Structure formats: structure tokens, C-alpha cells
>>> print(open('input_32.tsv').read())   # TSV, C-alpha atoms and all ligand atoms
chain	number	residue	atom	x	y	z
A	247	MET	CA	25.97	-9.36	-15.50
A	248	ILE	CA	25.22	-6.08	-13.77
A	249	PRO	CA	27.46	-3.20	-14.85
A	250	PRO	CA	29.72	-2.45	-11.89
A	251	MET	CA	28.93	1.26	-11.81
A	252	ALA	CA	25.12	0.99	-12.04
A	253	GLN	CA	23.40	3.29	-9.59
A	254	TYR	CA	20.72	1.73	-7.48
A	255	SER	CA	18.57	2.34	-4.46
A	256	ILE	CA	17.32	0.01	-1.77
A	257	GLY	CA	13.65	-0.38	-0.98
A	258	VAL	CA	12.57	-1.93	2.30
A	259	ASP	CA	9.12	-3.31	3.04
A	260	LEU	CA	8.76	-3.37	6.80
A	261	GLY	CA	5.72	-5.47	7.61
A	262	GLY	CA	4.35	-6.73	10.89
A	263	THR	CA	5.44	-10.25	9.87
A	264	ASN	CA	7.96	-9.99	7.03
A	265	LEU	CA	10.94	-7.78	6.46
A	266	ARG	CA	11.93	-7.60	2.80
A	267	ALA	CA	14.48	-5.54	0.95
A	268	ALA	CA	15.43	-5.12	-2.69
A	269	ALA	CA	18.14	-3.28	-4.57
A	270	ILE	CA	16.60	-1.75	-7.69
A	271	ASP	CA	18.27	0.29	-10.42
A	272	ALA	CA	16.98	3.52	-11.97
A	273	GLN	CA	15.29	1.58	-14.78
A	274	GLY	CA	13.29	-0.44	-12.28
A	275	ARG	CA	15.26	-3.67	-12.55
A	276	ILE	CA	15.49	-5.67	-9.35
A	277	LEU	CA	19.20	-6.43	-8.85
A	278	ARG	CA	19.02	-8.33	-5.56
A	279	LYS	CA	16.36	-9.22	-3.04
A	280	SER	CA	16.39	-10.42	0.52
A	281	SER	CA	13.68	-11.44	2.91
A	282	GLY	CA	13.40	-12.36	6.55
A	283	SER	CA	10.95	-12.03	9.36
A	284	THR	CA	10.21	-9.00	11.50
A	285	ASN	CA	11.25	-9.92	15.02
A	286	LEU	CA	8.83	-7.58	16.78
A	287	SER	CA	9.06	-9.26	20.17
A	288	ALA	CA	12.75	-8.27	20.36
A	289	GLY	CA	11.83	-4.57	20.26
A	290	PRO	CA	12.47	-1.72	17.82
A	291	ASP	CA	16.24	-1.60	18.30
A	292	ALA	CA	16.54	-5.24	17.22
A	293	VAL	CA	14.22	-4.74	14.24
A	294	VAL	CA	16.24	-1.72	13.17
A	295	ALA	CA	19.43	-3.77	13.51
A	296	ASP	CA	17.89	-6.39	11.18
A	297	ILE	CA	16.87	-3.72	8.67
A	298	VAL	CA	20.36	-2.23	8.72
A	299	ALA	CA	21.95	-5.67	8.32
A	300	ALA	CA	19.75	-6.44	5.30
A	301	ILE	CA	20.64	-3.10	3.68
A	302	ARG	CA	24.36	-3.51	4.44
A	303	ALA	CA	24.42	-6.96	2.86
A	304	LEU	CA	22.95	-5.57	-0.37
A	305	ARG	CA	25.24	-2.54	-0.28
A	306	GLU	CA	28.36	-4.62	0.20
A	307	GLU	CA	27.47	-6.66	-2.85
A	308	LEU	CA	26.51	-3.79	-5.11
A	309	GLY	CA	28.78	-0.96	-3.95
A	310	THR	CA	28.54	1.86	-1.44
A	311	GLU	CA	29.30	4.63	-3.94
A	312	GLN	CA	26.49	3.63	-6.27
A	313	LEU	CA	23.79	3.60	-3.59
A	314	VAL	CA	21.51	6.59	-4.17
A	315	GLY	CA	19.54	6.12	-0.96
A	316	VAL	CA	17.16	3.94	1.00
A	317	GLY	CA	13.37	4.06	1.05
A	318	ILE	CA	11.36	2.30	3.74
A	319	GLY	CA	7.67	1.49	3.51
A	320	SER	CA	6.03	0.93	6.87
A	321	PRO	CA	2.50	0.46	8.16
A	322	GLY	CA	1.05	3.20	10.31
A	323	PHE	CA	0.71	6.95	10.21
A	324	ILE	CA	3.98	8.60	9.24
A	325	ILE	CA	5.11	12.00	10.45
A	326	MET	CA	7.27	12.88	7.47
A	327	ASP	CA	9.44	15.70	8.78
A	328	LYS	CA	10.36	13.77	11.92
A	329	GLY	CA	10.69	10.35	10.27
A	330	LEU	CA	8.43	8.73	12.86
A	331	ILE	CA	5.77	6.04	12.76
A	332	THR	CA	2.77	6.54	14.99
A	333	GLY	CA	-0.37	4.52	15.64
A	334	SER	CA	0.56	1.31	13.87
A	335	PRO	CA	-1.11	-1.73	15.47
A	336	ASN	CA	1.13	-3.87	13.23
A	337	LEU	CA	4.31	-2.44	14.72
A	338	PRO	CA	3.83	-2.25	18.47
A	339	GLY	CA	6.74	-0.54	20.19
A	340	PHE	CA	7.51	1.74	17.25
A	341	ASP	CA	5.23	4.55	18.38
A	342	ASN	CA	7.32	7.73	18.12
A	343	TYR	CA	10.51	5.69	17.78
A	344	PRO	CA	12.98	7.69	15.61
A	345	ILE	CA	13.25	4.92	13.04
A	346	ARG	CA	14.47	7.01	10.10
A	347	ASP	CA	17.20	8.84	12.03
A	348	GLU	CA	18.35	5.64	13.72
A	349	ILE	CA	18.77	3.82	10.41
A	350	GLU	CA	20.47	6.85	8.82
A	351	ARG	CA	22.88	7.06	11.73
A	352	LEU	CA	23.81	3.38	11.55
A	353	LEU	CA	24.07	3.28	7.76
A	354	ARG	CA	25.41	6.75	7.00
A	355	ALA	CA	23.11	6.87	4.01
A	356	PRO	CA	20.01	8.96	3.32
A	357	VAL	CA	16.76	7.27	4.33
A	358	ILE	CA	13.19	8.19	3.39
A	359	LEU	CA	10.32	6.78	5.45
A	360	GLU	CA	6.95	6.34	3.78
A	361	ASN	CA	3.62	4.70	4.59
A	362	ASP	CA	3.49	1.22	3.04
A	363	ALA	CA	0.34	1.79	1.00
A	364	ASN	CA	1.70	5.10	-0.29
A	365	ALA	CA	4.85	3.25	-1.30
A	366	ALA	CA	2.78	0.59	-3.08
A	367	ALA	CA	0.83	3.27	-4.95
A	368	LEU	CA	4.09	4.88	-6.05
A	369	GLY	CA	5.44	1.48	-7.11
A	370	GLU	CA	2.39	0.88	-9.31
A	371	LYS	CA	2.88	4.33	-10.82
A	372	TRP	CA	6.58	3.70	-11.51
A	373	MET	CA	6.61	0.10	-12.77
A	374	GLY	CA	3.07	-1.26	-12.57
A	375	ALA	CA	-0.50	-0.67	-13.73
A	376	GLY	CA	-0.19	3.11	-13.42
A	377	ARG	CA	2.84	3.67	-15.65
A	378	GLU	CA	0.82	5.57	-18.26
A	379	VAL	CA	-0.81	8.04	-15.88
A	380	ASP	CA	0.43	10.74	-13.48
A	381	ASP	CA	-2.50	10.63	-11.11
A	382	LEU	CA	-3.95	7.54	-9.45
A	383	VAL	CA	-5.36	6.10	-6.27
A	384	LEU	CA	-4.46	2.67	-4.87
A	385	LEU	CA	-6.49	0.74	-2.31
A	386	THR	CA	-4.79	-2.29	-0.75
A	387	LEU	CA	-7.39	-4.80	0.38
A	388	GLY	CA	-5.84	-6.97	3.07
A	389	THR	CA	-6.39	-7.53	6.78
A	390	GLY	CA	-7.07	-3.81	6.82
A	391	ILE	CA	-7.33	-1.39	3.92
A	392	GLY	CA	-4.50	0.95	3.04
A	393	GLY	CA	-4.63	3.76	0.57
A	394	GLY	CA	-2.26	5.86	-1.46
A	395	VAL	CA	-2.85	8.87	-3.67
A	396	ILE	CA	-0.38	9.72	-6.43
A	397	ILE	CA	-0.75	13.19	-7.86
A	398	GLY	CA	1.56	14.56	-10.54
A	399	GLY	CA	3.62	11.38	-10.18
A	400	ARG	CA	4.26	11.93	-6.47
A	401	VAL	CA	2.74	10.74	-3.21
A	402	LEU	CA	0.16	13.10	-1.79
A	403	HIS	CA	1.25	13.62	1.82
A	404	GLY	CA	-0.96	16.30	3.26
A	405	PHE	CA	0.62	18.66	5.73
A	406	VAL	CA	2.22	16.13	8.08
A	407	GLY	CA	2.23	12.97	5.96
A	408	MET	CA	-1.04	11.33	6.92
A	409	ALA	CA	-2.96	11.86	3.68
A	410	GLY	CA	-4.30	8.82	1.85
A	411	GLU	CA	-5.72	6.99	4.89
A	412	LEU	CA	-8.52	5.80	2.64
A	413	GLY	CA	-9.30	2.69	4.68
A	414	HIS	CA	-10.70	5.04	7.32
A	415	MET	CA	-13.10	6.85	5.02
A	416	THR	CA	-16.64	6.55	6.39
A	417	VAL	CA	-18.77	4.40	4.12
A	418	VAL	CA	-21.55	3.54	6.62
A	419	PRO	CA	-22.25	6.37	9.11
A	420	THR	CA	-23.50	4.01	11.83
A	421	GLY	CA	-21.41	1.03	10.74
A	422	ASN	CA	-18.94	-1.19	12.53
A	423	PRO	CA	-16.61	0.38	15.11
A	424	CYS	CA	-12.96	0.82	14.09
A	425	GLY	CA	-9.74	1.02	16.08
A	426	CYS	CA	-9.25	4.56	14.77
A	427	GLY	CA	-12.21	5.75	16.86
A	428	ASN	CA	-14.66	6.07	13.97
A	429	THR	CA	-17.55	3.81	13.02
A	430	GLY	CA	-18.25	2.52	9.53
A	431	CYS	CA	-14.72	2.87	8.14
A	432	LEU	CA	-14.17	1.32	4.71
A	433	GLU	CA	-11.81	-1.25	6.22
A	434	LYS	CA	-14.50	-2.42	8.62
A	435	HIS	CA	-16.75	-3.22	5.66
A	436	ALA	CA	-14.47	-4.32	2.83
A	437	SER	CA	-11.27	-5.87	4.22
A	438	ALA	CA	-10.48	-9.56	4.71
A	439	THR	CA	-11.32	-9.10	8.40
A	440	ALA	CA	-14.66	-7.54	7.47
A	441	VAL	CA	-15.45	-10.46	5.16
A	442	SER	CA	-14.81	-12.90	8.03
A	443	SER	CA	-17.02	-10.87	10.41
A	444	MET	CA	-19.83	-10.61	7.88
A	445	ALA	CA	-19.64	-14.36	7.23
A	446	LYS	CA	-20.01	-14.93	10.96
A	447	LEU	CA	-23.05	-12.63	11.13
A	448	MET	CA	-24.55	-14.47	8.17
A	449	GLY	CA	-24.23	-17.74	10.09
A	450	LEU	CA	-21.60	-19.23	7.80
A	451	GLY	CA	-19.25	-20.05	10.65
A	452	ASP	CA	-17.44	-18.45	13.56
A	453	ASP	CA	-13.86	-18.54	12.48
A	454	LEU	CA	-13.90	-18.55	8.70
A	455	SER	CA	-11.01	-16.88	6.96
A	456	SER	CA	-11.78	-14.64	3.98
A	457	GLU	CA	-10.23	-17.39	1.84
A	458	GLN	CA	-12.74	-19.91	3.18
A	459	VAL	CA	-15.62	-17.52	2.53
A	460	TYR	CA	-14.26	-17.11	-1.00
A	461	GLN	CA	-14.21	-20.88	-1.48
A	462	LEU	CA	-17.84	-21.06	-0.33
A	463	ALA	CA	-18.73	-18.37	-2.88
A	464	VAL	CA	-16.91	-20.33	-5.58
A	465	GLY	CA	-18.97	-23.35	-4.59
A	466	GLY	CA	-22.17	-21.37	-5.15
A	467	ASN	CA	-23.05	-20.54	-1.53
A	468	GLU	CA	-25.49	-17.62	-1.77
A	469	LYS	CA	-24.73	-16.20	1.66
A	470	ALA	CA	-21.02	-16.15	0.89
A	471	ARG	CA	-21.76	-14.39	-2.39
A	472	THR	CA	-23.87	-11.83	-0.50
A	473	VAL	CA	-20.91	-11.14	1.78
A	474	PHE	CA	-18.79	-10.22	-1.24
A	475	GLN	CA	-21.61	-8.12	-2.68
A	476	MET	CA	-21.71	-6.13	0.56
A	477	MET	CA	-17.96	-5.75	0.39
A	478	GLY	CA	-18.29	-4.53	-3.21
A	479	GLN	CA	-20.97	-2.03	-2.24
A	480	ALA	CA	-18.76	-0.54	0.47
A	481	LEU	CA	-15.90	-0.26	-2.01
A	482	GLY	CA	-18.23	1.32	-4.55
A	483	VAL	CA	-19.28	4.00	-2.06
A	484	ALA	CA	-15.64	4.77	-1.27
A	485	LEU	CA	-14.64	4.82	-4.94
A	486	ALA	CA	-17.55	7.09	-5.87
A	487	ASN	CA	-16.35	9.56	-3.25
A	488	LEU	CA	-12.77	9.31	-4.49
A	489	VAL	CA	-13.77	9.69	-8.15
A	490	ASN	CA	-15.86	12.74	-7.27
A	491	ALA	CA	-13.05	14.24	-5.21
A	492	PHE	CA	-10.16	13.67	-7.62
A	493	ASN	CA	-11.43	13.00	-11.17
A	494	PHE	CA	-8.29	10.88	-11.67
A	495	PRO	CA	-8.12	8.52	-14.66
A	496	LEU	CA	-7.19	5.42	-12.65
A	497	TYR	CA	-8.13	3.72	-9.36
A	498	LEU	CA	-6.28	0.50	-8.54
A	499	LEU	CA	-7.09	-2.30	-6.13
A	500	SER	CA	-4.49	-4.69	-4.77
A	501	GLY	CA	-4.01	-7.10	-1.89
A	502	GLY	CA	-5.10	-10.50	-0.72
A	503	MET	CA	-8.78	-9.96	-1.56
A	504	LEU	CA	-8.18	-9.54	-5.31
A	505	PRO	CA	-8.91	-13.21	-6.18
A	506	ALA	CA	-12.51	-12.55	-5.09
A	507	TRP	CA	-12.80	-9.82	-7.77
A	508	GLU	CA	-15.48	-11.70	-9.70
A	509	PHE	CA	-17.68	-11.75	-6.59
A	510	PHE	CA	-17.24	-8.17	-5.31
A	511	ALA	CA	-16.48	-6.16	-8.47
A	512	PRO	CA	-19.95	-6.19	-10.08
A	513	ALA	CA	-21.56	-4.65	-6.95
A	514	MET	CA	-18.61	-2.25	-6.67
A	515	PHE	CA	-19.00	-0.94	-10.23
A	516	GLU	CA	-22.76	-0.68	-9.88
A	517	GLU	CA	-22.54	1.25	-6.62
A	518	CYS	CA	-19.85	3.58	-7.95
A	519	ARG	CA	-21.88	4.21	-11.09
A	520	ARG	CA	-25.01	4.94	-9.09
A	521	ARG	CA	-23.28	7.38	-6.77
A	522	SER	CA	-20.85	9.23	-8.97
A	523	PHE	CA	-21.87	11.56	-11.78
A	524	VAL	CA	-18.19	11.97	-12.64
A	525	TYR	CA	-17.79	8.19	-13.00
A	526	ARG	CA	-20.85	7.88	-15.24
A	527	HIS	CA	-19.67	10.63	-17.56
A	528	THR	CA	-15.99	9.81	-17.92
A	529	ASN	CA	-13.96	6.78	-18.88
A	530	THR	CA	-12.52	6.50	-15.38
A	531	ARG	CA	-10.84	3.12	-14.91
A	532	ILE	CA	-11.10	0.97	-11.78
A	533	GLU	CA	-8.68	-1.93	-12.22
A	534	LYS	CA	-6.52	-4.53	-10.54
A	535	ALA	CA	-2.99	-3.49	-9.66
A	536	ILE	CA	-0.35	-5.76	-11.18
A	537	LEU	CA	2.75	-5.78	-8.98
A	538	GLY	CA	1.28	-7.63	-6.01
A	539	ASN	CA	3.64	-7.77	-3.03
A	540	GLU	CA	6.44	-6.19	-5.04
A	541	ALA	CA	4.66	-2.83	-5.38
A	542	GLY	CA	5.82	-1.63	-1.97
A	543	LEU	CA	9.43	-2.58	-2.69
A	544	TYR	CA	9.39	-0.76	-6.04
A	545	GLY	CA	7.79	2.31	-4.52
A	546	ALA	CA	10.15	2.43	-1.54
A	547	ALA	CA	13.14	2.08	-3.86
A	548	TYR	CA	11.81	4.79	-6.16
A	549	LEU	CA	11.67	7.38	-3.35
A	550	PRO	CA	15.43	8.13	-3.29
A	551	PHE	CA	15.54	8.43	-7.11
A	552	GLN	CA	12.64	10.83	-7.02
A	553	ALA	CA	14.18	12.85	-4.20
A	554	ARG	CA	17.44	13.08	-6.11
A	555	VAL	CA	15.71	14.50	-9.20
A	556	ILE	CA	14.01	17.15	-7.07
A	557	THR	CA	17.21	18.03	-5.22
A	558	SER	CA	19.28	18.34	-8.37
A	559	ALA	CA	16.57	20.45	-10.03
A	560	CYS	CA	16.71	23.00	-7.19
B	1	ZN	ZN	-11.09	3.55	10.99
>>> encode(input="input_32.tsv", output="C-alpha cells", more="lines below")
Ligand SMILES: [Zn+2]
Amino acid sequence: MIPPMAQYSIGVDLGGTNLRAAAIDAQGRILRKSSGSTNLSAGPDAVVADIVAAIRALREELGTEQLVGVGIGSPGFIIMDKGLITGSPNLPGFDNYPIRDEIERLLRAPVILENDANAAALGEKWMGAGREVDDLVLLTLGTGIGGGVIIGGRVLHGFVGMAGELGHMTVVPTGNPCGCGNTGCLEKHASATAVSSMAKLMGLGDDLSSEQVYQLAVGGNEKARTVFQMMGQALGVALANLVNAFNFPLYLLSGGMLPAWEFFAPAMFEECRRRSFVYRHTNTRIEKAILGNEAGLYGAAYLPFQARVITSAC
């Protein structure tokens, strides 16, 4: 049984497909979870109504008084002080929509908006693979590549909130074009989408998913294995740059590409080693994250607790 007076916060993971929410207490225990789909075609007002309904349902069960706040992890660039999402291809219609203020108004509870990968990085720091360190970087390897930097136990935001866009680091100066306007972004060379495109260029098939390319690699297909080596090299370049920039003790990888670790990690380590003096001369760890899909929920839920500590310390 949950003690009736336990304080908790609610973390929301707003994805382009799924909308998930969890009530989590200050010790990191998940008290309740809910999940549904993100009804993007109905427009932002309807999605916000769904988010608010999910939060209300949890709040009614667990108590209004005990709710510390709400954290929302969302794809896209976040303008922190305005509580806006901008430039998220996964959330069309949300560009410059006042999502934070709208949810706060409907709920009458404090809401913190955060980039989804930043939230996942914070979740790994709070309850996952990064519990023992204060500084870490997380790369989420999915359809695209997200990034989050945790420094001194907190998300590094930069001056408007757009720091940590590590998927758009240049790893190949004249590489593949990216929707962000650059060419050779990490996510164009090491994401699931990139694996599919490389497989196509290698003549493995026109519409192979990254999972199918992985299965070919498992079966011993040399071209498929080369695809993952190229992916690993791109990651190694990015990690060498990150290690040189931050000298953090821990760099974590998560996301749907992790099962292919055995095929991309050797090239990744080799490339990082070759390019980073700091990596060669320290016991810097590059490891798998452990919370999977839950990282973003943990991180989003942790935001109100962290904000409360700061506020009460002032
Ligand atoms: Zn890019």
C-alpha cells in the first residue's frame, strides 16, 4: 500500500506516437502509470486535453495536495523561458504553441517542459546507469538521435534551452543532408534511419528496416556488418569530440539501436580511442543506458522535485 500522504510528481513522455504518464515518488518509485496514443491529427488543443486528462486521472487517485508538480518531456527544440516547442518534425502543429502555459492553466499545477532526450539523460542520472556520477552525456539512438548533457546533476540548457542537440553534431563535413540544414549530422550517419539508408546504398534492399539489417548482420552478412561498422565509426567521432569537450566520466547510449551493440560498438570504441587523447588517458566509460523507455518518464518526473529543492534553497 502507498502511504496516503506520500508526495509525488507526474512525468509525461509526449512522443509523436505515444503519450505516457507516470506518477513517481521522491524515492523514484513508480506509483501509477498510464499510456495512450498521441492524437496528432486532432491538433494541439486535443493533444493537450489528452495530456491534462491523463494527469488529472493520476492526481485524482493519488491526491492533489501531494502533487509536487508536472514534468513533460517532448521532442523538438525547447525555448525554456517561454515553455514552447519549436522545430519538432514529430509534433507538427506544436510550433510555438504555448504548451506549458496551456497545461498549467488547465491543471492549476506547476509544469516544467523539457526536451525528451534531456529528460531521459536526467532519468538515467536519477535512477539509472548514471546514479553514481554527477556529470554524463546520453545519446538516444532511434529514428533520429537525441542528446542530453547532465552537468552537476542538472540538465545543461544553454542560454535558451537548446543545448545538447548532439544528433546534429557534424561527424562527416560533406556527409548526408539533414533536415536541420546541415550536412553530415551524427543522426544522418548513426540512427536507425541512417542504417536503413546505408543498407540501401550497399545494395541490401530498398526498404529494409534497421531491425532487418541487424538480422542480416546476425546471420553473418558482411555488408550488413559493414553498415554497423560505419554507424560505429560515426558514433566514435561524435564521442571523441564529446569526451574531449567535457572530460565527463560517463557517456551512455540508449534507444532502439542498442541490440546491435555487438556490431557497432567495436568500431565506435576504436574510433573514439584513435581520435581522443582524453579517452586514451582516462578511464572514461561509454556504456549502455539501463532504463530504456522509462528514462524519459523518470527524468520528467524528477524535474519538479529538483526545482523544488532549488526554490526552497533560495
Ligand atoms: Zn542535423
>>> residues_near_ligand(input="input_32.tsv", ligand="ligand ZN 1 (chain B)", cutoff="6 Å", atoms="all atoms listed in the file", output="PyMOL selection string")
chain A and resi 414+424-426+428+431
>>> write_last_selection(input="input_32.tsv", atoms="C-alpha atoms", output="mmCIF file, in the coordinates of the input")
data_model
loop_
_atom_site.group_PDB
_atom_site.id
_atom_site.type_symbol
_atom_site.label_atom_id
_atom_site.label_comp_id
_atom_site.auth_asym_id
_atom_site.auth_seq_id
_atom_site.Cartn_x
_atom_site.Cartn_y
_atom_site.Cartn_z
ATOM 1 C CA HIS A 414 -10.700 5.040 7.320
ATOM 2 C CA CYS A 424 -12.960 0.820 14.090
ATOM 3 C CA GLY A 425 -9.740 1.020 16.080
ATOM 4 C CA CYS A 426 -9.250 4.560 14.770
ATOM 5 C CA ASN A 428 -14.660 6.070 13.970
ATOM 6 C CA CYS A 431 -14.720 2.870 8.140
#
>>> closest_atom_pairs(input="input_32.tsv", of="stretch 352-376 of chain A", to="stretch 383-394 of chain A", cutoff="6 Å", atoms="all atoms listed in the file", output="Markdown table")
| residue | atom | partner | partner_atom | distance |
| --- | --- | --- | --- | --- |
| A:Ala363 | CA | A:Gly392 | CA | 5.3 |
| A:Asn364 | CA | A:Gly394 | CA | 4.2 |
| A:Ala367 | CA | A:Leu384 | CA | 5.3 |
>>> atom_distance(input="input_32.tsv", atom1="atom CA of A:Leu353", atom2="atom CA of A:Val298")
6.7 Å
>>> atom_distance(input="input_32.tsv", atom1="atom CA of A:Gly545", atom2="atom CA of A:Tyr343")
22.7 Å
>>> closest_atom_pairs(input="input_32.tsv", of="stretch 341-441 of chain A", to="stretch 520-531 of chain A", cutoff="12 Å", atoms="all atoms listed in the file", output="tab-separated table")
residue	atom	partner	partner_atom	distance
A:Ala375	CA	A:Arg531	CA	11.1
A:Gly376	CA	A:Arg531	CA	10.8
A:Val379	CA	A:Arg531	CA	11.2
A:Asp381	CA	A:Thr530	CA	11.6
A:Leu382	CA	A:Arg531	CA	9.8
A:Val383	CA	A:Arg531	CA	10.7
A:Leu384	CA	A:Arg531	CA	11.9
>>> atom_distance(input="input_32.tsv", atom1="atom CA of A:Met514", atom2="atom CA of A:Trp372")
26.3 Å
>>> closest_residue(input="input_32.tsv", among="A:Val489, A:Ala365, A:Ala506, A:Ala299", to="A:Ala463", atoms="all atoms listed in the file")
A:Ala506
>>> residues_near_point(input="input_32.tsv", point="(10.3, -3.0, 17.2)", cutoff="12 Å", atoms="only C-alpha atoms", output="MDAnalysis selection string")
chainID A and resid 260:263 265 283:297 320 331 334:345
>>> residues_around(input="input_32.tsv", residues="stretch 472-479 of chain A", least_positions_apart="4", cutoff="9 Å", atoms="all atoms listed in the file", output="ChimeraX atom specification")
/A:435-437,440-442,444-445,448,459-460,463,467-468,483-484,506-507,509-518
>>> closest_residue(input="input_32.tsv", among="A:Val417, A:Ala480, A:Leu498, A:Ala252", to="A:Ala535", atoms="all atoms listed in the file")
A:Leu498
>>> build_atoms(input="input_32.tsv", residues="stretch 422-441 of chain A", atoms="N, CA, C and O atoms", output="short mmCIF file (atom, residue, chain, number, x, y, z; two decimals), in the coordinates of the input")
data_model
loop_
_atom_site.label_atom_id
_atom_site.label_comp_id
_atom_site.auth_asym_id
_atom_site.auth_seq_id
_atom_site.Cartn_x
_atom_site.Cartn_y
_atom_site.Cartn_z
N ASN A 422 -19.74 -0.49 11.53
CA ASN A 422 -18.94 -1.19 12.53
C ASN A 422 -17.88 -0.29 13.15
O ASN A 422 -17.27 0.53 12.46
N PRO A 423 -17.63 -0.45 14.45
CA PRO A 423 -16.61 0.38 15.11
C PRO A 423 -15.20 0.01 14.62
O PRO A 423 -14.92 -1.14 14.30
N CYS A 424 -14.33 1.01 14.58
CA CYS A 424 -12.96 0.82 14.09
C CYS A 424 -11.97 1.26 15.16
O CYS A 424 -12.27 2.13 15.98
N GLY A 425 -10.80 0.67 15.13
CA GLY A 425 -9.74 1.02 16.08
C GLY A 425 -9.33 2.47 16.01
O GLY A 425 -8.73 3.01 16.95
N CYS A 426 -9.64 3.15 14.91
CA CYS A 426 -9.25 4.56 14.77
C CYS A 426 -10.18 5.48 15.54
O CYS A 426 -9.94 6.68 15.62
N GLY A 427 -11.27 4.93 16.09
CA GLY A 427 -12.21 5.75 16.86
C GLY A 427 -13.49 6.06 16.10
O GLY A 427 -14.46 6.54 16.69
N ASN A 428 -13.48 5.80 14.81
CA ASN A 428 -14.66 6.07 13.97
C ASN A 428 -15.55 4.82 13.93
O ASN A 428 -15.18 3.75 14.41
N THR A 429 -16.73 4.98 13.36
CA THR A 429 -17.55 3.81 13.02
C THR A 429 -17.80 3.82 11.52
O THR A 429 -17.89 4.88 10.92
N GLY A 430 -17.90 2.63 10.95
CA GLY A 430 -18.25 2.52 9.53
C GLY A 430 -17.13 2.83 8.57
O GLY A 430 -17.35 3.20 7.42
N CYS A 431 -15.87 2.67 9.03
CA CYS A 431 -14.72 2.87 8.14
C CYS A 431 -14.75 1.83 7.01
O CYS A 431 -15.18 0.69 7.21
N LEU A 432 -14.24 2.24 5.84
CA LEU A 432 -14.17 1.32 4.71
C LEU A 432 -13.56 -0.02 5.12
O LEU A 432 -14.05 -1.08 4.74
N GLU A 433 -12.48 0.02 5.91
CA GLU A 433 -11.81 -1.25 6.22
C GLU A 433 -12.62 -2.15 7.15
O GLU A 433 -12.35 -3.33 7.27
N LYS A 434 -13.62 -1.58 7.80
CA LYS A 434 -14.50 -2.42 8.62
C LYS A 434 -15.63 -3.04 7.80
O LYS A 434 -16.44 -3.81 8.31
N HIS A 435 -15.68 -2.71 6.51
CA HIS A 435 -16.75 -3.22 5.66
C HIS A 435 -16.24 -3.88 4.37
O HIS A 435 -17.03 -4.44 3.63
N ALA A 436 -14.94 -3.79 4.11
CA ALA A 436 -14.47 -4.32 2.83
C ALA A 436 -13.10 -5.00 2.90
O ALA A 436 -12.54 -5.36 1.88
N SER A 437 -12.56 -5.19 4.09
CA SER A 437 -11.27 -5.87 4.22
C SER A 437 -11.49 -7.38 4.40
O SER A 437 -12.62 -7.85 4.53
N ALA A 438 -10.40 -8.12 4.44
CA ALA A 438 -10.48 -9.56 4.71
C ALA A 438 -11.12 -9.81 6.08
O ALA A 438 -11.95 -10.71 6.25
N THR A 439 -10.75 -8.98 7.05
CA THR A 439 -11.32 -9.10 8.40
C THR A 439 -12.82 -8.86 8.36
O THR A 439 -13.60 -9.57 9.03
N ALA A 440 -13.23 -7.86 7.58
CA ALA A 440 -14.66 -7.54 7.47
C ALA A 440 -15.42 -8.69 6.82
O ALA A 440 -16.53 -9.03 7.24
N VAL A 441 -14.81 -9.32 5.83
CA VAL A 441 -15.45 -10.46 5.16
C VAL A 441 -15.67 -11.60 6.16
O VAL A 441 -16.75 -12.21 6.23
#
